[in-house]
>>> print(open('work-v4.csv').read())   # CSV, C-alpha atoms
chain,number,residue,atom,x,y,z
U,8,MET,CA,-5.6,-180.6,40.1
U,9,ALA,CA,-2.4,-181.0,42.2
U,10,ILE,CA,-0.9,-177.9,43.8
U,11,GLN,CA,2.5,-178.5,42.2
U,12,ASP,CA,0.9,-178.4,38.8
U,13,ARG,CA,0.1,-174.7,39.3
U,14,VAL,CA,3.6,-173.6,40.2
U,15,ARG,CA,4.8,-171.2,37.5
U,16,PHE,CA,6.2,-167.7,37.0
U,17,VAL,CA,3.5,-165.2,37.6
U,18,THR,CA,3.6,-162.0,35.6
U,19,ASP,CA,1.0,-159.3,35.3
U,20,ARG,CA,-0.4,-159.1,31.8
U,21,SER,CA,-0.3,-155.3,31.5
U,22,SER,CA,2.6,-154.1,33.6
U,23,GLY,CA,5.0,-157.1,33.5
U,24,LYS,CA,5.1,-156.9,37.3
U,25,ASP,CA,4.6,-159.6,39.8
U,26,PRO,CA,0.9,-159.4,40.8
U,27,VAL,CA,1.2,-161.3,44.0
U,28,SER,CA,0.1,-159.7,47.3
U,29,PRO,CA,2.0,-156.5,48.2
U,30,TRP,CA,3.9,-158.3,51.0
U,31,GLY,CA,4.8,-161.4,49.0
U,32,PRO,CA,8.2,-162.3,47.5
U,33,SER,CA,8.9,-162.0,43.8
U,34,GLY,CA,10.2,-164.5,41.3
U,35,LEU,CA,9.0,-168.1,41.2
U,36,GLU,CA,5.6,-168.0,42.7
U,37,GLN,CA,2.6,-170.3,43.0
U,38,ALA,CA,0.0,-168.9,40.7
U,39,PRO,CA,-3.1,-167.5,42.3
U,40,LEU,CA,-6.1,-169.7,41.6
U,41,LEU,CA,-8.4,-166.7,42.1
U,42,SER,CA,-7.2,-163.1,42.0
U,43,VAL,CA,-9.5,-160.2,43.0
U,44,ARG,CA,-8.2,-156.8,41.9
U,45,ASN,CA,-9.7,-153.4,43.0
U,46,LEU,CA,-13.2,-154.9,43.1
U,47,LYS,CA,-16.0,-152.3,43.5
U,48,THR,CA,-19.6,-153.4,43.8
U,49,HIS,CA,-22.2,-150.6,44.3
U,50,PHE,CA,-25.9,-150.6,44.9
U,51,PHE,CA,-27.8,-147.8,43.1
U,52,THR,CA,-31.0,-147.0,45.1
U,53,ARG,CA,-33.4,-144.2,45.1
U,54,GLU,CA,-31.9,-142.9,48.4
U,55,GLY,CA,-28.4,-142.9,47.0
U,56,VAL,CA,-25.4,-145.1,46.1
U,57,VAL,CA,-24.3,-147.8,48.6
U,58,GLU,CA,-20.6,-148.6,48.1
U,59,ALA,CA,-20.8,-152.0,49.6
U,60,VAL,CA,-17.4,-153.1,48.2
U,61,ASN,CA,-15.0,-150.3,47.4
U,62,GLY,CA,-11.7,-151.5,46.1
U,63,VAL,CA,-11.1,-155.0,47.5
U,64,THR,CA,-7.9,-156.8,46.4
U,65,PHE,CA,-6.6,-160.2,47.4
U,66,ASP,CA,-5.2,-163.5,46.0
U,67,LEU,CA,-6.3,-167.1,46.7
U,68,HIS,CA,-3.8,-169.8,46.1
U,69,PRO,CA,-4.5,-173.6,45.6
U,70,GLY,CA,-4.9,-175.4,48.9
U,71,GLN,CA,-5.0,-172.1,50.8
U,72,THR,CA,-7.7,-171.1,53.3
U,73,LEU,CA,-8.3,-167.3,53.2
U,74,GLY,CA,-10.5,-165.7,55.9
U,75,LEU,CA,-12.7,-162.6,55.3
U,76,VAL,CA,-13.5,-161.1,58.6
U,77,GLY,CA,-15.1,-157.9,59.9
U,78,GLU,CA,-18.3,-156.5,61.5
U,79,SER,CA,-21.7,-157.0,59.9
U,80,GLY,CA,-22.1,-154.7,56.9
U,81,CYS,CA,-18.4,-154.5,56.0
U,82,GLY,CA,-18.9,-156.1,52.6
U,83,LYS,CA,-17.8,-159.7,53.1
U,84,THR,CA,-20.8,-161.5,51.7
U,85,VAL,CA,-21.2,-159.0,48.8
U,86,THR,CA,-17.6,-159.8,47.9
U,87,ALA,CA,-18.5,-163.5,47.7
U,88,LEU,CA,-21.6,-162.8,45.7
U,89,SER,CA,-19.6,-160.6,43.3
U,90,ILE,CA,-17.2,-163.4,42.7
U,91,LEU,CA,-20.1,-165.7,41.7
U,92,ARG,CA,-21.8,-162.9,39.8
U,93,ILE,CA,-25.1,-163.2,41.7
U,94,VAL,CA,-25.4,-159.7,43.2
U,95,ASP,CA,-29.0,-158.8,43.2
U,96,LYS,CA,-30.2,-155.6,41.5
U,97,PRO,CA,-29.8,-152.7,41.9
U,98,GLY,CA,-26.3,-153.8,42.8
U,99,ARG,CA,-23.6,-154.3,40.1
U,100,ILE,CA,-19.8,-154.5,39.7
U,101,VAL,CA,-18.7,-151.1,38.6
U,102,GLU,CA,-14.9,-151.6,38.5
U,103,GLY,CA,-12.2,-154.2,39.1
U,104,GLU,CA,-11.2,-157.7,37.9
U,105,ILE,CA,-12.0,-161.2,39.2
U,106,LEU,CA,-9.4,-163.5,37.6
U,107,LEU,CA,-9.9,-167.2,37.7
U,108,SER,CA,-7.2,-169.7,36.5
U,109,GLN,CA,-8.6,-172.6,34.4
U,110,VAL,CA,-7.2,-175.4,32.4
U,111,ARG,CA,-8.1,-175.0,28.7
U,112,ASN,CA,-6.9,-176.9,25.7
U,113,GLY,CA,-4.1,-178.5,27.7
U,114,GLY,CA,-2.7,-175.2,29.1
U,115,TRP,CA,-3.5,-172.6,31.7
U,116,ASP,CA,-5.8,-169.7,30.9
U,117,VAL,CA,-6.9,-166.8,33.0
U,118,ILE,CA,-10.5,-165.6,32.7
U,119,ASP,CA,-12.0,-162.4,34.0
U,120,LEU,CA,-15.3,-163.2,35.5
U,121,THR,CA,-16.5,-159.6,35.4
U,122,GLN,CA,-16.5,-159.8,31.6
U,123,LEU,CA,-18.9,-162.8,31.6
U,124,LYS,CA,-22.7,-162.5,31.4
U,125,PRO,CA,-24.0,-163.4,34.9
U,126,ARG,CA,-26.6,-165.7,33.3
U,127,GLY,CA,-24.5,-166.9,30.4
U,128,ARG,CA,-23.6,-170.5,29.9
U,129,GLU,CA,-19.9,-170.0,30.8
U,130,MET,CA,-20.6,-168.3,34.1
U,131,ARG,CA,-23.3,-170.8,35.0
U,132,ALA,CA,-20.7,-173.6,34.4
U,133,ILE,CA,-18.2,-171.8,36.7
U,134,ARG,CA,-20.8,-171.1,39.4
U,135,GLY,CA,-21.3,-174.3,41.2
U,136,GLY,CA,-18.6,-176.0,39.1
U,137,ASP,CA,-15.2,-174.3,39.5
U,138,ILE,CA,-16.5,-172.2,42.4
U,139,GLY,CA,-18.9,-173.5,45.1
U,140,LEU,CA,-20.8,-171.6,47.7
U,141,ILE,CA,-22.0,-172.7,51.1
U,142,PHE,CA,-24.7,-170.3,52.2
U,143,GLN,CA,-25.0,-168.9,55.7
U,144,GLU,CA,-28.4,-170.4,56.5
U,145,PRO,CA,-29.1,-173.8,54.9
U,146,MET,CA,-32.8,-173.7,55.6
U,147,THR,CA,-33.2,-170.8,53.2
U,148,ALA,CA,-30.6,-172.1,50.8
U,149,LEU,CA,-32.3,-175.5,50.3
U,150,SER,CA,-35.7,-175.8,48.6
U,151,PRO,CA,-38.6,-176.7,50.9
U,152,VAL,CA,-40.5,-178.4,48.1
U,153,HIS,CA,-37.8,-180.7,46.7
U,154,THR,CA,-36.0,-183.5,48.4
U,155,ILE,CA,-32.3,-183.3,49.3
U,156,GLY,CA,-31.6,-186.0,46.7
U,157,ASN,CA,-33.5,-184.2,44.0
U,158,GLN,CA,-31.5,-181.0,44.5
U,159,MET,CA,-28.2,-182.9,44.6
U,160,VAL,CA,-28.9,-184.9,41.5
U,161,GLU,CA,-29.7,-181.7,39.6
U,162,THR,CA,-26.4,-180.1,40.7
U,163,ILE,CA,-24.4,-183.2,39.8
U,164,ARG,CA,-26.0,-183.6,36.4
U,165,LEU,CA,-25.6,-179.8,35.7
U,166,HIS,CA,-21.8,-180.1,35.9
U,167,SER,CA,-21.2,-183.6,34.6
U,168,THR,CA,-22.5,-186.0,32.0
U,169,VAL,CA,-24.0,-188.8,34.0
U,170,SER,CA,-27.3,-190.6,34.2
U,171,LYS,CA,-29.9,-190.1,36.9
U,172,ALA,CA,-29.0,-193.4,38.4
U,173,GLU,CA,-25.2,-192.6,38.5
U,174,ALA,CA,-26.0,-189.1,39.9
U,175,ARG,CA,-28.1,-190.7,42.7
U,176,GLU,CA,-25.2,-193.0,43.7
U,177,THR,CA,-22.8,-190.1,43.6
U,178,ALA,CA,-25.1,-188.0,45.8
U,179,ILE,CA,-25.5,-190.8,48.4
U,180,ASP,CA,-21.7,-191.3,48.4
U,181,LEU,CA,-21.3,-187.5,49.0
U,182,LEU,CA,-23.8,-187.5,51.8
U,183,ARG,CA,-21.9,-190.4,53.4
U,184,SER,CA,-18.6,-188.6,52.9
U,185,VAL,CA,-19.7,-185.6,54.9
U,186,GLY,CA,-20.9,-187.8,57.8
U,187,VAL,CA,-24.6,-188.0,57.2
U,188,PRO,CA,-26.1,-191.1,58.9
U,189,ARG,CA,-28.5,-193.2,56.8
U,190,ALA,CA,-27.5,-191.3,53.7
U,191,ASP,CA,-29.9,-193.2,51.4
U,192,GLY,CA,-32.8,-192.2,53.7
U,193,VAL,CA,-31.8,-188.6,54.0
U,194,PHE,CA,-31.5,-188.6,50.2
U,195,ASP,CA,-35.4,-188.8,50.0
U,196,GLN,CA,-36.1,-186.4,52.8
U,197,TYR,CA,-36.9,-182.7,52.8
U,198,ALA,CA,-34.8,-179.9,54.4
U,199,GLN,CA,-37.4,-179.2,57.1
U,200,GLN,CA,-37.2,-182.9,58.2
U,201,LEU,CA,-33.5,-182.5,59.1
U,202,SER,CA,-31.7,-180.9,62.1
U,203,GLY,CA,-29.6,-177.8,61.6
U,204,GLY,CA,-26.4,-179.8,61.5
U,205,LEU,CA,-27.6,-182.3,59.0
U,206,ARG,CA,-29.0,-179.6,56.8
U,207,GLN,CA,-25.5,-177.9,56.8
U,208,ARG,CA,-23.8,-181.3,56.0
U,209,ALA,CA,-26.3,-181.8,53.1
U,210,LEU,CA,-25.6,-178.4,51.8
U,211,ILE,CA,-21.9,-179.0,51.9
U,212,ALA,CA,-22.4,-182.3,50.1
U,213,MET,CA,-24.5,-180.6,47.4
U,214,THR,CA,-21.8,-178.0,46.9
U,215,LEU,CA,-19.2,-180.7,46.5
U,216,GLY,CA,-21.4,-182.3,43.8
U,217,GLY,CA,-19.9,-179.8,41.3
U,218,ASN,CA,-16.4,-180.8,42.3
U,219,PRO,CA,-15.3,-177.1,42.9
U,220,GLU,CA,-11.7,-176.0,43.1
U,221,VAL,CA,-12.7,-172.9,45.1
U,222,LEU,CA,-15.1,-173.2,48.0
U,223,ILE,CA,-16.6,-170.1,49.5
U,224,ALA,CA,-18.1,-170.7,53.0
U,225,ASP,CA,-20.3,-167.8,54.1
U,226,GLU,CA,-20.7,-168.0,57.9
U,227,PRO,CA,-21.2,-171.8,57.7
U,228,THR,CA,-21.5,-172.2,61.5
U,229,THR,CA,-23.6,-169.2,62.5
U,230,ALA,CA,-26.9,-170.9,63.1
U,231,LEU,CA,-25.4,-174.0,64.8
U,232,ASP,CA,-24.7,-174.9,68.4
U,233,VAL,CA,-21.1,-175.0,69.6
U,234,THR,CA,-20.6,-178.7,69.4
U,235,THR,CA,-22.0,-178.9,65.8
U,236,GLN,CA,-19.9,-175.9,64.8
U,237,ALA,CA,-16.8,-177.7,65.7
U,238,GLN,CA,-17.9,-180.8,63.8
U,239,ILE,CA,-18.7,-178.7,60.7
U,240,LEU,CA,-15.3,-176.9,60.8
U,241,ASP,CA,-13.5,-180.3,61.2
U,242,LEU,CA,-15.5,-181.5,58.2
U,243,LEU,CA,-14.6,-178.5,56.0
U,244,ARG,CA,-10.9,-179.0,56.9
U,245,ASP,CA,-11.0,-182.7,56.0
U,246,VAL,CA,-12.9,-182.1,52.8
U,247,GLN,CA,-10.4,-179.4,51.8
U,248,GLU,CA,-7.4,-181.7,52.4
U,249,GLU,CA,-9.0,-184.6,50.6
U,250,ARG,CA,-10.0,-182.6,47.5
U,251,ASP,CA,-7.1,-180.1,47.5
U,252,MET,CA,-9.4,-177.1,47.4
U,253,ALA,CA,-8.9,-173.5,48.1
U,254,VAL,CA,-11.3,-172.1,50.6
U,255,ILE,CA,-12.6,-168.6,51.4
U,256,MET,CA,-14.0,-168.6,54.9
U,257,ILE,CA,-16.3,-165.6,55.6
U,258,THR,CA,-17.0,-165.0,59.3
U,259,HIS,CA,-17.2,-162.4,62.0
U,260,ASP,CA,-15.7,-165.0,64.5
U,261,LEU,CA,-12.0,-164.5,65.0
U,262,GLY,CA,-11.8,-167.8,66.8
U,263,VAL,CA,-12.9,-169.5,63.5
U,264,ILE,CA,-10.3,-167.5,61.6
U,265,ALA,CA,-7.5,-168.5,64.0
U,266,GLU,CA,-8.4,-172.2,63.8
U,267,MET,CA,-9.1,-172.5,60.1
U,268,CYS,CA,-7.2,-169.9,58.0
U,269,ASP,CA,-3.8,-169.5,56.6
U,270,ASP,CA,-4.2,-165.8,55.7
U,271,VAL,CA,-6.7,-163.1,56.7
U,272,VAL,CA,-8.4,-160.2,55.0
U,273,VAL,CA,-9.8,-157.7,57.5
U,274,MET,CA,-12.6,-155.6,55.9
U,275,TYR,CA,-14.2,-152.5,57.1
U,276,LEU,CA,-17.0,-150.6,55.2
U,277,GLY,CA,-16.1,-152.1,51.9
U,278,ILE,CA,-12.4,-151.7,52.0
U,279,VAL,CA,-9.5,-154.0,53.0
U,280,ALA,CA,-8.2,-152.6,56.3
U,281,GLU,CA,-5.4,-155.2,56.7
U,282,GLN,CA,-4.3,-158.5,55.3
U,283,GLY,CA,-1.6,-161.0,55.9
U,284,PRO,CA,-0.8,-164.4,57.4
U,285,VAL,CA,-3.0,-165.4,60.3
U,286,ASP,CA,-0.2,-165.7,62.8
U,287,ASP,CA,1.2,-162.2,61.9
U,288,ILE,CA,-2.3,-160.6,62.1
U,289,PHE,CA,-3.0,-162.1,65.5
U,290,HIS,CA,0.4,-161.5,67.1
U,291,ALA,CA,1.3,-158.2,65.5
U,292,PRO,CA,-1.8,-156.4,64.1
U,293,LYS,CA,-1.0,-153.2,62.2
U,294,HIS,CA,-4.3,-151.5,61.6
U,295,PRO,CA,-6.1,-149.8,64.5
U,296,TYR,CA,-9.4,-151.6,63.5
U,297,THR,CA,-7.7,-155.0,63.7
U,298,ARG,CA,-6.2,-154.2,67.1
U,299,ALA,CA,-9.6,-153.1,68.3
U,300,LEU,CA,-11.2,-156.3,67.1
U,301,LEU,CA,-8.6,-158.5,68.8
U,302,ARG,CA,-9.0,-156.6,72.1
U,303,SER,CA,-12.7,-157.3,72.2
U,304,ILE,CA,-12.2,-161.1,72.1
U,305,PRO,CA,-12.7,-162.8,75.5
U,306,SER,CA,-10.0,-165.2,76.7
U,307,VAL,CA,-9.2,-167.4,79.7
U,308,ASP,CA,-6.8,-164.7,80.9
U,309,SER,CA,-9.4,-162.0,80.9
U,310,GLU,CA,-10.1,-160.5,84.3
U,311,PRO,CA,-13.5,-161.7,85.6
U,312,ARG,CA,-16.4,-159.3,85.9
U,313,VAL,CA,-14.7,-156.7,83.9
U,314,LYS,CA,-16.2,-155.4,80.6
U,315,LEU,CA,-14.3,-156.2,77.5
U,316,PRO,CA,-13.0,-153.3,75.5
U,317,ALA,CA,-15.5,-152.2,72.8
U,318,ILE,CA,-15.0,-150.3,69.6
U,319,ALA,CA,-16.5,-146.8,70.1
U,320,GLY,CA,-19.4,-145.8,67.9
U,321,SER,CA,-20.9,-148.0,65.2
U,322,ILE,CA,-20.5,-148.6,61.5
U,323,PRO,CA,-21.6,-145.4,59.6
U,324,HIS,CA,-24.9,-145.5,57.7
U,325,PRO,CA,-24.3,-146.7,54.1
U,326,TYR,CA,-25.7,-143.4,52.7
U,327,ASN,CA,-23.6,-141.3,55.0
U,328,ARG,CA,-20.0,-142.5,54.6
U,329,PRO,CA,-17.4,-140.4,56.3
U,330,THR,CA,-14.8,-138.7,54.2
U,331,GLY,CA,-11.3,-140.0,54.2
U,332,CYS,CA,-10.5,-143.3,56.0
U,333,PRO,CA,-13.9,-144.9,56.8
U,334,PHE,CA,-12.7,-145.9,60.2
U,335,HIS,CA,-11.3,-142.6,61.4
U,336,PRO,CA,-14.5,-141.4,63.3
U,337,ARG,CA,-14.1,-144.5,65.6
U,338,CYS,CA,-10.3,-144.6,65.6
U,339,VAL,CA,-8.4,-143.6,68.8
U,340,GLU,CA,-5.3,-143.0,66.7
U,341,SER,CA,-7.0,-140.8,64.1
U,342,MET,CA,-4.9,-137.8,62.9
U,343,PRO,CA,-7.1,-134.6,62.2
U,344,GLY,CA,-6.4,-133.2,58.8
U,345,VAL,CA,-4.9,-136.4,57.6
U,346,CYS,CA,-7.2,-139.4,58.1
U,347,ASP,CA,-10.3,-137.4,57.1
U,348,GLN,CA,-8.9,-136.2,53.8
U,349,GLY,CA,-8.8,-139.4,51.6
U,350,ILE,CA,-9.0,-143.2,51.7
U,351,PRO,CA,-5.5,-144.6,52.4
U,352,GLU,CA,-4.1,-147.1,49.9
U,353,LEU,CA,-3.3,-150.7,50.9
U,354,GLN,CA,0.4,-150.8,51.2
U,355,PRO,CA,3.0,-153.2,52.6
U,356,VAL,CA,3.8,-153.0,56.3
U,357,GLY,CA,6.6,-155.3,57.3
U,358,GLU,CA,7.5,-158.4,55.4
U,359,ARG,CA,4.2,-160.1,55.0
U,360,GLN,CA,1.4,-157.7,56.0
U,361,ALA,CA,-0.4,-154.9,54.3
U,362,ALA,CA,-2.6,-152.2,55.8
U,363,SER,CA,-4.7,-149.2,54.6
U,364,CYS,CA,-3.7,-146.7,57.2
U,365,TYR,CA,-1.9,-143.3,57.3
U,366,LEU,CA,0.1,-144.4,60.3
U,367,TYR,CA,2.4,-146.0,57.9
U,368,GLY,CA,2.6,-143.2,55.4
U,369,GLY,CA,1.1,-143.3,51.9
U,370,THR,CA,-1.4,-141.1,50.2
>>> encode(input="work-v4.csv", output="structure tokens")
Amino acid sequence: MAIQDRVRFVTDRSSGKDPVSPWGPSGLEQAPLLSVRNLKTHFFTREGVVEAVNGVTFDLHPGQTLGLVGESGCGKTVTALSILRIVDKPGRIVEGEILLSQVRNGGWDVIDLTQLKPRGREMRAIRGGDIGLIFQEPMTALSPVHTIGNQMVETIRLHSTVSKAEARETAIDLLRSVGVPRADGVFDQYAQQLSGGLRQRALIAMTLGGNPEVLIADEPTTALDVTTQAQILDLLRDVQEERDMAVIMITHDLGVIAEMCDDVVVMYLGIVAEQGPVDDIFHAPKHPYTRALLRSIPSVDSEPRVKLPAIAGSIPHPYNRPTGCPFHPRCVESMPGVCDQGIPELQPVGERQAASCYLYGGT
């Protein structure tokens, strides 16, 4: 669906207010394709409750690339799994909305994915259809006992009414489109017979088989060498432009964020620390955590043989979350009696950024 077809007035169903991101303009807006509102996903274990995602809010617009970035354990992957409703037990969504715009009966409709049964027919049609997921490690995402072609044909036929022969031709065309050499031969091979780069390309092709409008890429280059990483990132960019998809790029690599993304959501211990356009985040970060992450990146201008600045301490244990702002025990700008009292709300800072930090007031 063309981007211009989604342009309309956006009004919140309950309050009548513009539900765009807190730094965005009002009035005529491009409707969010996917809108996550105050999402909370908790894991209820014998040892206690793990608040893996604790109030995440963001919008994803057609054609946009949104980056989710942060240290390991900050809730990036759980956010993606929550959107697709595939969070393993004992985890479950306890609060929030995941609003997906769909075309129904010739008009636009907004469906809350949190209200659907995870294994219901409607959610299974959306998962892999409207929303596709590229997993972090293709070797574990692909079946070792089924050929690449067998898995692709199953995906294609699940989301379209075509014959096996037609699905086979579509699968081979998809493999060719993502740069797989000898696509007809790879079609009949198993995942363990392919290199890491080819496995990742095959996984991308399989994801495209459902013709998704939203593509979630969870650390798609982590297990690859530098050269292959660059090729995969170029491939994702080309596929996005060709298919007019919206992309959520999950990574801990700020270099990937700078190269691929339009907007950034910086997460820490389940909350959104800061969000805004990528240029604004990199050139004028507002949250102390974002500034600390950027200082730790090596550059060609770094002084040789000098240790890079590191963030003091480590992410707290999930069963022992600090009171107040979750980052305050590691924050050099922490204010005693303020930052340790409550979790700050995400609020506008400047024209296009927002941050969860008491340095900018708030409650």
>>> residues_near_point(input="work-v4.csv", point="(-24.5, -161.2, 38.2)", cutoff="10 Å", atoms="only C-alpha atoms", output="list in words")
Leu88, Ser89, Ile90, Leu91, Arg92, Ile93, Val94, Asp95, Lys96, Gly98, Arg99, Ile100, Leu120, Thr121, Leu123, Lys124, Pro125, Arg126, Gly127 and Met130 of chain U
>>> residues_around(input="work-v4.csv", residues="range 256-267 of chain U", least_positions_apart="4", cutoff="6 Å", atoms="all atoms listed in the file", output="PyMOL selection string")
chain U and resi 74-77+224-226
>>> atom_distance(input="work-v4.csv", atom1="CA of Ser303 in chain U", atom2="CA of Gln238 in chain U")
25.5 Å
>>> atom_distance(input="work-v4.csv", atom1="CA of Arg250 in chain U", atom2="CA of Val233 in chain U")
25.9 Å
>>> closest_atom_pairs(input="work-v4.csv", of="range 278-358 of chain U", to="range 59-69 of chain U", cutoff="8 Å", atoms="only C-alpha atoms", output="CSV")
residue,atom,partner,partner_atom,distance
U:Ile278,CA,U:Asn61,CA,5.5
U:Val279,CA,U:Val63,CA,5.8
U:Pro325,CA,U:Ala59,CA,7.8
>>> atom_distance(input="work-v4.csv", atom1="CA of Gly55 in chain U", atom2="CA of Gly82 in chain U")
17.2 Å
>>> residues_around(input="work-v4.csv", residues="range 283-296 of chain U", least_positions_apart="6", cutoff="7 Å", atoms="only C-alpha atoms", output="JSON, numbers by chain")
{"U": [265, 268, 269, 270, 271, 272, 338, 359, 360, 361, 362, 364]}
>>> closest_residue(input="work-v4.csv", among="U:Leu41, U:Met146, U:Ala212, U:Val169", to="Leu231 in chain U", atoms="all atoms listed in the file")
U:Met146
>>> closest_residue(input="work-v4.csv", among="U:Ile179, U:Leu276, U:Leu242, U:Leu73", to="His335 in chain U", atoms="all atoms listed in the file")
U:Leu276
>>> residues_around(input="work-v4.csv", residues="Ser150 in chain U", least_positions_apart="6", cutoff="10 Å", atoms="only C-alpha atoms", output="list in words")
Asn157, Gln158, Tyr197, Ala198 and Gln199 of chain U
>>> residues_around(input="work-v4.csv", residues="Ala178 in chain U", least_positions_apart="4", cutoff="9 Å", atoms="all atoms listed in the file", output="PyMOL selection string")
chain U and resi 156+159-160+163+173-174+182-183+190+194+212-213+216
>>> write_last_selection(input="work-v4.csv", atoms="C-alpha atoms", output="CSV table (one decimal), keeping the file's coordinate frame")
chain,number,residue,atom,x,y,z
U,156,GLY,CA,-31.6,-186.0,46.7
U,159,MET,CA,-28.2,-182.9,44.6
U,160,VAL,CA,-28.9,-184.9,41.5
U,163,ILE,CA,-24.4,-183.2,39.8
U,173,GLU,CA,-25.2,-192.6,38.5
U,174,ALA,CA,-26.0,-189.1,39.9
U,182,LEU,CA,-23.8,-187.5,51.8
U,183,ARG,CA,-21.9,-190.4,53.4
U,190,ALA,CA,-27.5,-191.3,53.7
U,194,PHE,CA,-31.5,-188.6,50.2
U,212,ALA,CA,-22.4,-182.3,50.1
U,213,MET,CA,-24.5,-180.6,47.4
U,216,GLY,CA,-21.4,-182.3,43.8
>>> closest_residue(input="work-v4.csv", among="U:Glu176, U:Asp245, U:Glu58, U:Glu281", to="Thr86 in chain U", atoms="all atoms listed in the file")
U:Glu58
>>> residues_around(input="work-v4.csv", residues="Pro333 in chain U", least_positions_apart="4", cutoff="10 Å", atoms="all atoms listed in the file", output="PyMOL selection string")
chain U and resi 275-278+280+322-323+328-329+337-338+346-347+349-351
>>> decode(input="work-v4.csv", residues="range 364-369 of chain U", atoms="all heavy atoms", output="mmCIF file, in the first residue's frame")
data_model
loop_
_atom_site.group_PDB
_atom_site.id
_atom_site.type_symbol
_atom_site.label_atom_id
_atom_site.label_comp_id
_atom_site.auth_asym_id
_atom_site.auth_seq_id
_atom_site.Cartn_x
_atom_site.Cartn_y
_atom_site.Cartn_z
ATOM 1 N N CYS U 364 13.514 11.697 32.099
ATOM 2 C CA CYS U 364 14.593 12.149 32.964
ATOM 3 C C CYS U 364 14.134 13.365 33.780
ATOM 4 O O CYS U 364 13.505 14.279 33.231
ATOM 5 C CB CYS U 364 15.821 12.518 32.134
ATOM 6 S SG CYS U 364 17.260 12.974 33.111
ATOM 7 N N TYR U 365 14.480 13.361 35.087
ATOM 8 C CA TYR U 365 14.104 14.471 35.964
ATOM 9 C C TYR U 365 14.935 15.728 35.701
ATOM 10 O O TYR U 365 14.632 16.788 36.251
ATOM 11 C CB TYR U 365 14.259 14.052 37.425
ATOM 12 C CG TYR U 365 13.183 13.088 37.882
ATOM 13 C CD1 TYR U 365 13.511 11.822 38.351
ATOM 14 C CD2 TYR U 365 11.843 13.461 37.845
ATOM 15 C CE1 TYR U 365 12.534 10.944 38.768
ATOM 16 C CE2 TYR U 365 10.852 12.575 38.260
ATOM 17 C CZ TYR U 365 11.205 11.324 38.716
ATOM 18 O OH TYR U 365 10.222 10.457 39.137
ATOM 19 N N LEU U 366 15.984 15.632 34.889
ATOM 20 C CA LEU U 366 16.737 16.828 34.537
ATOM 21 C C LEU U 366 15.874 17.830 33.785
ATOM 22 O O LEU U 366 16.183 19.021 33.730
ATOM 23 C CB LEU U 366 17.943 16.458 33.677
ATOM 24 C CG LEU U 366 19.055 15.664 34.356
ATOM 25 C CD1 LEU U 366 20.109 15.260 33.328
ATOM 26 C CD2 LEU U 366 19.708 16.495 35.472
ATOM 27 N N TYR U 367 14.787 17.328 33.206
ATOM 28 C CA TYR U 367 13.910 18.197 32.419
ATOM 29 C C TYR U 367 12.566 18.394 33.097
ATOM 30 O O TYR U 367 11.557 18.689 32.452
ATOM 31 C CB TYR U 367 13.724 17.589 31.019
ATOM 32 C CG TYR U 367 15.036 17.287 30.356
ATOM 33 C CD1 TYR U 367 15.555 15.989 30.356
ATOM 34 C CD2 TYR U 367 15.806 18.292 29.795
ATOM 35 C CE1 TYR U 367 16.766 15.706 29.765
ATOM 36 C CE2 TYR U 367 17.039 18.029 29.211
ATOM 37 C CZ TYR U 367 17.514 16.723 29.207
ATOM 38 O OH TYR U 367 18.739 16.455 28.641
ATOM 39 N N GLY U 368 12.535 18.211 34.413
ATOM 40 C CA GLY U 368 11.307 18.406 35.166
ATOM 41 C C GLY U 368 10.426 17.164 35.124
ATOM 42 O O GLY U 368 10.910 16.047 34.929
ATOM 43 N N GLY U 369 9.145 17.356 35.303
ATOM 44 C CA GLY U 369 8.230 16.219 35.272
ATOM 45 C C GLY U 369 8.056 15.602 36.628
ATOM 46 O O GLY U 369 8.633 16.027 37.619
#
